[in-house]
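Peer 1: This is the structure I want to talk about, given as structure tokens.
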Amino acid sequence: MKYGITILSCAALLFNGCRVKVASSLEATLTDTVIDHRGNNVDTGYVLNTDYLLLYLSAHWCGPCRSFTPSLVEYYNKNQGGHLFQVLFISSDKSEADMKNYVRQARMPWPAVLYHSEARDMLKLQYGGGGIPQLVLLDKKGNILADSFKGKKYLGPQHVLNELDKRLAKRLKQREIDPVGLSEATGKALPTPDRLANKFKVDGFGKAKDQQVAFVNRKLVVTGEELDKGVVVEVITDTYIEVSYENNRYQLMP
């Protein structure tokens, strides 16, 4: 998707582009340090529940950031952000108040790292390039798939969105071929009834107390739970939920 705006890297340096391993995992780094756009605490599993995570390093004082952020919000809303991918805001604002005002004014729908936290400093140290706005695309294992910087060369955040576009297109094409997957119970693909697909939106997956969990309609569910009368969660994997309904099994996917 093209936005027709030119993004220039702000002159302020962010830890000189140093990339070091700062925690055993991204999940460990983010534990108890993520909030939603309203300032409420967010479970780390909700942030890491998609195949792709965009780290967004930005600040309100940065003019190019303010120019790009509305385009990122539009991209997020149009391309099933929060479902097919997630964005995590890492602020370089001069104060927590500035960060909160930026989130509110830009209407950022995605979560953010707490301003006063070691996690924010660690993520900037590990992923920050030579300036902002910067996007870094990660896979589920935390590997970098695309970056606004190639060494010291600034490619811009649109470069990263173009790379994400390619990956999302492949995933959506696969859904057209096999929209519900192969049922372990029946041995063949079953069409998910529209009333189930429309009623239960799978937001993502995670782990809690050593068991696999899922987020359905933004609510945490576990195996054996009844989503509705007669709709029981039978299996939760990293990519789908299998439910039993009217003596059949169906797979609900993000």
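Identifiers in the structure tokens: chain A, B, ... in order shown; residue index from 1 per chain; ligand index from 1 in order shown.
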Quick one: DSSP strand (DSSP E or B) residues in range 85-247 of chain A, as a PyMOL selection string?
Peer 2: chain A and resi 85-91+112-113+134-138+144-147+149-150+153-154+202-208+211-216+219-221+226-228+231-236+241-245
Peer 1: So which residues touch Ala112 in chain A within 9 Å, counting only C-alpha atoms, skipping near sequence neighbours fewer than 4 positions away, as a list of chain:residue names?
Peer 2: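 These residues fall inside the cut-off: A:Thr33, A:Val34, A:Ile35, A:Asp36, A:His37, A:Gly39, A:Val87, A:Leu88, A:Phe89, A:Ile90, A:Ser91, A:Val103.
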Peer 1: Keeping N, CA, C and O atoms, export the residues of the selection given above as an mmCIF file, in the first residue's frame.
Peer 2:
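The result, written out as again_25.cif:
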data_model
loop_
_atom_site.group_PDB
_atom_site.id
_atom_site.type_symbol
_atom_site.label_atom_id
_atom_site.label_comp_id
_atom_site.auth_asym_id
_atom_site.auth_seq_id
_atom_site.Cartn_x
_atom_site.Cartn_y
_atom_site.Cartn_z
ATOM 1 N N THR A 33 4.950 -5.064 31.285
ATOM 2 C CA THR A 33 5.381 -3.729 30.842
ATOM 3 C C THR A 33 4.578 -3.212 29.657
ATOM 4 O O THR A 33 4.981 -2.234 29.028
ATOM 5 N N VAL A 34 3.450 -3.845 29.339
ATOM 6 C CA VAL A 34 2.679 -3.459 28.155
ATOM 7 C C VAL A 34 1.324 -2.905 28.568
ATOM 8 O O VAL A 34 0.666 -3.437 29.463
ATOM 9 N N ILE A 35 0.914 -1.816 27.916
ATOM 10 C CA ILE A 35 -0.392 -1.205 28.164
ATOM 11 C C ILE A 35 -1.124 -1.018 26.839
ATOM 12 O O ILE A 35 -0.492 -0.959 25.774
ATOM 13 N N ASP A 36 -2.454 -0.920 26.903
ATOM 14 C CA ASP A 36 -3.202 -0.615 25.689
ATOM 15 C C ASP A 36 -3.295 0.900 25.525
ATOM 16 O O ASP A 36 -2.743 1.665 26.318
ATOM 17 N N HIS A 37 -4.002 1.343 24.475
ATOM 18 C CA HIS A 37 -4.037 2.774 24.173
ATOM 19 C C HIS A 37 -4.811 3.568 25.220
ATOM 20 O O HIS A 37 -4.764 4.795 25.228
ATOM 21 N N GLY A 39 -4.219 2.920 28.476
ATOM 22 C CA GLY A 39 -3.361 2.899 29.648
ATOM 23 C C GLY A 39 -3.565 1.695 30.539
ATOM 24 O O GLY A 39 -2.937 1.582 31.589
ATOM 25 N N VAL A 87 1.119 -4.400 16.326
ATOM 26 C CA VAL A 87 2.071 -3.299 16.407
ATOM 27 C C VAL A 87 2.336 -3.019 17.885
ATOM 28 O O VAL A 87 1.412 -3.067 18.710
ATOM 29 N N LEU A 88 3.572 -2.732 18.226
ATOM 30 C CA LEU A 88 3.935 -2.370 19.590
ATOM 31 C C LEU A 88 4.691 -1.046 19.546
ATOM 32 O O LEU A 88 5.749 -0.943 18.926
ATOM 33 N N PHE A 89 4.143 -0.033 20.192
ATOM 34 C CA PHE A 89 4.727 1.300 20.198
ATOM 35 C C PHE A 89 5.829 1.398 21.250
ATOM 36 O O PHE A 89 5.616 1.085 22.429
ATOM 37 N N ILE A 90 7.011 1.842 20.815
ATOM 38 C CA ILE A 90 8.141 2.077 21.706
ATOM 39 C C ILE A 90 8.453 3.559 21.619
ATOM 40 O O ILE A 90 8.989 4.036 20.620
ATOM 41 N N SER A 91 8.107 4.289 22.649
ATOM 42 C CA SER A 91 8.172 5.752 22.620
ATOM 43 C C SER A 91 9.590 6.287 22.813
ATOM 44 O O SER A 91 10.351 5.789 23.637
ATOM 45 N N VAL A 103 -0.208 9.158 21.845
ATOM 46 C CA VAL A 103 -1.069 7.993 21.639
ATOM 47 C C VAL A 103 -2.519 8.431 21.437
ATOM 48 O O VAL A 103 -3.216 7.947 20.547
#
Peer 1: Pick from A:Gly156, A:Asp32, A:Lys166, A:Val243: nearest to Gly131 in chain A, with only C-alpha atoms counted?
Peer 2: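 Closest candidate: A:Gly156.
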Peer 1: Which residues are close to Lys140 in chain A, i.e. within 10 Å by only C-alpha atoms, leaving aside same-chain residues fewer than 4 positions away? Reply as a PyMOL selection string.
Peer 2: chain A and resi 26+48-53+144
Peer 1: Take the selection from the previous step and output its residues with all heavy atoms, as a PDB file, in the first residue's frame.
Peer 2:
ATOM      1  N   LEU A  26      11.731 -12.139  23.856  1.00  0.00           N
ATOM      2  CA  LEU A  26      10.925 -10.929  23.805  1.00  0.00           C
ATOM      3  C   LEU A  26       9.813 -10.998  24.841  1.00  0.00           C
ATOM      4  O   LEU A  26       9.464  -9.985  25.466  1.00  0.00           O
ATOM      5  CB  LEU A  26      10.335 -10.775  22.396  1.00  0.00           C
ATOM      6  CG  LEU A  26       9.639  -9.447  22.078  1.00  0.00           C
ATOM      7  CD1 LEU A  26      10.613  -8.289  22.265  1.00  0.00           C
ATOM      8  CD2 LEU A  26       9.109  -9.468  20.658  1.00  0.00           C
ATOM      9  N   LEU A  48       1.964 -10.958  21.614  1.00  0.00           N
ATOM     10  CA  LEU A  48       2.755 -11.919  20.841  1.00  0.00           C
ATOM     11  C   LEU A  48       1.899 -13.031  20.250  1.00  0.00           C
ATOM     12  O   LEU A  48       2.398 -14.112  19.962  1.00  0.00           O
ATOM     13  CB  LEU A  48       3.840 -12.521  21.745  1.00  0.00           C
ATOM     14  CG  LEU A  48       4.772 -11.510  22.420  1.00  0.00           C
ATOM     15  CD1 LEU A  48       5.743 -12.219  23.346  1.00  0.00           C
ATOM     16  CD2 LEU A  48       5.538 -10.694  21.377  1.00  0.00           C
ATOM     17  N   ASN A  49       0.608 -12.758  20.050  1.00  0.00           N
ATOM     18  CA  ASN A  49      -0.300 -13.826  19.615  1.00  0.00           C
ATOM     19  C   ASN A  49      -0.444 -13.941  18.112  1.00  0.00           C
ATOM     20  O   ASN A  49      -1.251 -14.730  17.629  1.00  0.00           O
ATOM     21  CB  ASN A  49      -1.688 -13.636  20.253  1.00  0.00           C
ATOM     22  CG  ASN A  49      -2.378 -12.368  19.766  1.00  0.00           C
ATOM     23  OD1 ASN A  49      -1.867 -11.676  18.897  1.00  0.00           O
ATOM     24  ND2 ASN A  49      -3.526 -12.069  20.328  1.00  0.00           N
ATOM     25  N   THR A  50       0.290 -13.137  17.336  1.00  0.00           N
ATOM     26  CA  THR A  50       0.187 -13.186  15.889  1.00  0.00           C
ATOM     27  C   THR A  50       1.513 -13.653  15.293  1.00  0.00           C
ATOM     28  O   THR A  50       2.532 -13.706  15.983  1.00  0.00           O
ATOM     29  CB  THR A  50      -0.171 -11.806  15.316  1.00  0.00           C
ATOM     30  OG1 THR A  50       0.861 -10.883  15.665  1.00  0.00           O
ATOM     31  CG2 THR A  50      -1.493 -11.297  15.875  1.00  0.00           C
ATOM     32  N   ASP A  51       1.488 -13.964  14.012  1.00  0.00           N
ATOM     33  CA  ASP A  51       2.709 -14.433  13.355  1.00  0.00           C
ATOM     34  C   ASP A  51       3.731 -13.318  13.187  1.00  0.00           C
ATOM     35  O   ASP A  51       4.929 -13.588  13.064  1.00  0.00           O
ATOM     36  CB  ASP A  51       2.373 -15.015  11.979  1.00  0.00           C
ATOM     37  CG  ASP A  51       1.621 -16.328  12.072  1.00  0.00           C
ATOM     38  OD1 ASP A  51       1.742 -17.002  13.117  1.00  0.00           O
ATOM     39  OD2 ASP A  51       0.907 -16.688  11.123  1.00  0.00           O
ATOM     40  N   TYR A  52       3.262 -12.068  13.159  1.00  0.00           N
ATOM     41  CA  TYR A  52       4.161 -10.949  12.887  1.00  0.00           C
ATOM     42  C   TYR A  52       3.946  -9.836  13.909  1.00  0.00           C
ATOM     43  O   TYR A  52       2.819  -9.514  14.277  1.00  0.00           O
ATOM     44  CB  TYR A  52       3.934 -10.390  11.480  1.00  0.00           C
ATOM     45  CG  TYR A  52       4.074 -11.442  10.410  1.00  0.00           C
ATOM     46  CD1 TYR A  52       2.949 -11.934   9.732  1.00  0.00           C
ATOM     47  CD2 TYR A  52       5.317 -11.966  10.075  1.00  0.00           C
ATOM     48  CE1 TYR A  52       3.080 -12.911   8.767  1.00  0.00           C
ATOM     49  CE2 TYR A  52       5.458 -12.943   9.105  1.00  0.00           C
ATOM     50  CZ  TYR A  52       4.329 -13.408   8.459  1.00  0.00           C
ATOM     51  OH  TYR A  52       4.462 -14.383   7.503  1.00  0.00           O
ATOM     52  N   LEU A  53       5.047  -9.233  14.343  1.00  0.00           N
ATOM     53  CA  LEU A  53       5.000  -8.114  15.273  1.00  0.00           C
ATOM     54  C   LEU A  53       5.807  -6.965  14.690  1.00  0.00           C
ATOM     55  O   LEU A  53       6.969  -7.130  14.316  1.00  0.00           O
ATOM     56  CB  LEU A  53       5.580  -8.512  16.633  1.00  0.00           C
ATOM     57  CG  LEU A  53       5.679  -7.393  17.674  1.00  0.00           C
ATOM     58  CD1 LEU A  53       4.294  -6.885  18.048  1.00  0.00           C
ATOM     59  CD2 LEU A  53       6.417  -7.870  18.921  1.00  0.00           C
ATOM     60  N   ILE A 144      14.344 -10.892  13.063  1.00  0.00           N
ATOM     61  CA  ILE A 144      14.066  -9.695  12.281  1.00  0.00           C
ATOM     62  C   ILE A 144      13.856 -10.071  10.819  1.00  0.00           C
ATOM     63  O   ILE A 144      14.728 -10.645  10.170  1.00  0.00           O
ATOM     64  CB  ILE A 144      15.219  -8.680  12.399  1.00  0.00           C
ATOM     65  CG1 ILE A 144      15.376  -8.220  13.848  1.00  0.00           C
ATOM     66  CG2 ILE A 144      14.967  -7.478  11.488  1.00  0.00           C
ATOM     67  CD1 ILE A 144      16.564  -7.294  14.065  1.00  0.00           C
TER      68      ILE A 144
END
Peer 1: Compile the contact shell of Val213 in chain A as number ranges by chain: residues with an atom at most 9 Å away, counting only C-alpha atoms, same-chain residues fewer than 2 positions apart removed.
Peer 2: A: 204-208, 211, 215, 220-223, 236-238
Peer 1: Mind giving me the straight-line distance from CA of Lys152 in chain A to CA of Arg167 in chain A in Å, one decimal?
Peer 2: 25.1 Å
Peer 1: Tell me, as a list of chain:residue names, which residues lie within 9 Å of Val231 in chain A, counting only C-alpha atoms; anything in the same chain fewer than 5 positions away does not count.
Peer 2: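 Counting only C-alpha atoms, the residues come to A:Leu196, A:Glu225, A:Glu226, A:Val243, A:Ser244, A:Tyr245, A:Glu246.
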Peer 1: Could you save the residues just selected, with all heavy atoms, as a tab-separated table (two decimals), in the first residue's frame?
Peer 2:
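selection.tsv was written with the following content:
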chain	number	residue	atom	x	y	z
A	196	LEU	N	-20.83	-19.28	13.21
A	196	LEU	CA	-19.72	-19.46	14.15
A	196	LEU	C	-18.58	-18.51	13.83
A	196	LEU	O	-18.01	-17.86	14.72
A	196	LEU	CB	-19.22	-20.90	14.10
A	196	LEU	CG	-20.13	-22.00	14.64
A	196	LEU	CD1	-19.42	-23.34	14.57
A	196	LEU	CD2	-20.56	-21.71	16.06
A	225	GLU	N	-13.73	-25.09	27.78
A	225	GLU	CA	-14.65	-23.99	28.04
A	225	GLU	C	-15.74	-23.93	26.97
A	225	GLU	O	-15.50	-24.24	25.80
A	225	GLU	CB	-13.89	-22.67	28.08
A	225	GLU	CG	-14.72	-21.48	28.50
A	225	GLU	CD	-13.89	-20.26	28.80
A	225	GLU	OE1	-12.65	-20.41	28.97
A	225	GLU	OE2	-14.46	-19.16	28.87
A	226	GLU	N	-16.92	-23.53	27.37
A	226	GLU	CA	-18.04	-23.40	26.44
A	226	GLU	C	-18.14	-21.95	25.98
A	226	GLU	O	-18.37	-21.05	26.79
A	226	GLU	CB	-19.34	-23.85	27.12
A	226	GLU	CG	-20.49	-24.07	26.15
A	226	GLU	CD	-21.71	-24.68	26.83
A	226	GLU	OE1	-22.06	-24.21	27.93
A	226	GLU	OE2	-22.29	-25.62	26.28
A	243	VAL	N	-13.38	-26.52	17.85
A	243	VAL	CA	-14.56	-26.56	18.71
A	243	VAL	C	-15.50	-27.67	18.25
A	243	VAL	O	-15.52	-28.04	17.07
A	243	VAL	CB	-15.31	-25.21	18.69
A	243	VAL	CG1	-14.42	-24.10	19.20
A	243	VAL	CG2	-15.86	-24.88	17.31
A	244	SER	N	-16.24	-28.20	19.19
A	244	SER	CA	-17.29	-29.16	18.85
A	244	SER	C	-18.63	-28.44	18.85
A	244	SER	O	-18.90	-27.61	19.72
A	244	SER	CB	-17.30	-30.31	19.85
A	244	SER	OG	-17.53	-29.84	21.18
A	245	TYR	N	-19.46	-28.77	17.86
A	245	TYR	CA	-20.76	-28.11	17.72
A	245	TYR	C	-21.66	-29.00	16.89
A	245	TYR	O	-21.31	-29.40	15.77
A	245	TYR	CB	-20.59	-26.75	17.05
A	245	TYR	CG	-21.88	-26.00	16.80
A	245	TYR	CD1	-22.68	-25.57	17.86
A	245	TYR	CD2	-22.29	-25.71	15.51
A	245	TYR	CE1	-23.87	-24.89	17.64
A	245	TYR	CE2	-23.47	-25.02	15.27
A	245	TYR	CZ	-24.26	-24.62	16.34
A	245	TYR	OH	-25.43	-23.95	16.12
A	246	GLU	N	-22.79	-29.39	17.44
A	246	GLU	CA	-23.77	-30.23	16.76
A	246	GLU	C	-23.12	-31.51	16.23
A	246	GLU	O	-23.30	-31.89	15.07
A	246	GLU	CB	-24.46	-29.45	15.65
A	246	GLU	CG	-25.30	-28.29	16.15
A	246	GLU	CD	-26.01	-27.54	15.03
A	246	GLU	OE1	-25.64	-27.73	13.85
A	246	GLU	OE2	-26.92	-26.76	15.35
Peer 1: What is the distance between CA of Ala28 in chain A and CA of Ala106 in chain A, in Å to one decimal?
Peer 2: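 Answer for the CA of Ala28 in chain A to CA of Ala106 in chain A separation: 28.5 Å.
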Peer 1: For the atom pair CA of Ser92 in chain A and CA of Ser71 in chain A, what is the interatomic distance in Å to one decimal place?
Peer 2: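 CA of Ser71 in chain A lies 18.9 Å from CA of Ser92 in chain A.
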Peer 1: Give me the residues near Pro193 in chain A as a list in words, where near means some atom within 12 Å (using only C-alpha atoms) and where sequence neighbours in that chain fewer than 6 positions away do not count.
Peer 2: Pro179, Val180, Lys199, Phe200, Val243, Tyr245, Glu246, Asn248, Arg249, Tyr250, Gln251 and Leu252 of chain A
Peer 1: Skipping near chain neighbours, those fewer than 2 positions away, what residues fall within 12 Å of Leu145 in chain A using only C-alpha atoms, listed as number ranges by chain?
Peer 2: A: 51-55, 135-143, 147-150, 159-164, 166-167
Peer 1: Taking C-alpha atoms for each residue, export the selection above as a tab-separated table (two decimals), in the first residue's frame.
Peer 2:
chain	number	residue	atom	x	y	z
A	51	ASP	CA	2.71	-14.43	13.36
A	52	TYR	CA	4.16	-10.95	12.89
A	53	LEU	CA	5.00	-8.11	15.27
A	54	LEU	CA	5.84	-4.58	14.17
A	55	LEU	CA	7.94	-2.62	16.63
A	135	LEU	CA	9.56	-0.04	12.02
A	136	VAL	CA	11.06	-3.46	12.73
A	137	LEU	CA	9.18	-6.57	11.58
A	138	LEU	CA	9.65	-9.67	13.74
A	139	ASP	CA	8.39	-13.23	13.36
A	140	LYS	CA	6.99	-15.34	16.23
A	141	LYS	CA	10.52	-16.33	17.29
A	142	GLY	CA	11.72	-12.74	17.44
A	143	ASN	CA	13.78	-12.93	14.25
A	147	ASP	CA	13.88	-3.10	9.23
A	148	SER	CA	13.71	0.58	8.36
A	149	PHE	CA	17.51	0.51	8.49
A	150	LYS	CA	19.97	-1.58	6.50
A	159	HIS	CA	9.87	-0.50	3.21
A	160	VAL	CA	8.88	-2.63	6.20
A	161	LEU	CA	5.15	-2.38	5.43
A	162	ASN	CA	5.86	-3.50	1.86
A	163	GLU	CA	7.62	-6.59	3.22
A	164	LEU	CA	4.72	-7.31	5.58
A	166	LYS	CA	4.03	-9.78	0.85
A	167	ARG	CA	3.76	-12.11	3.82
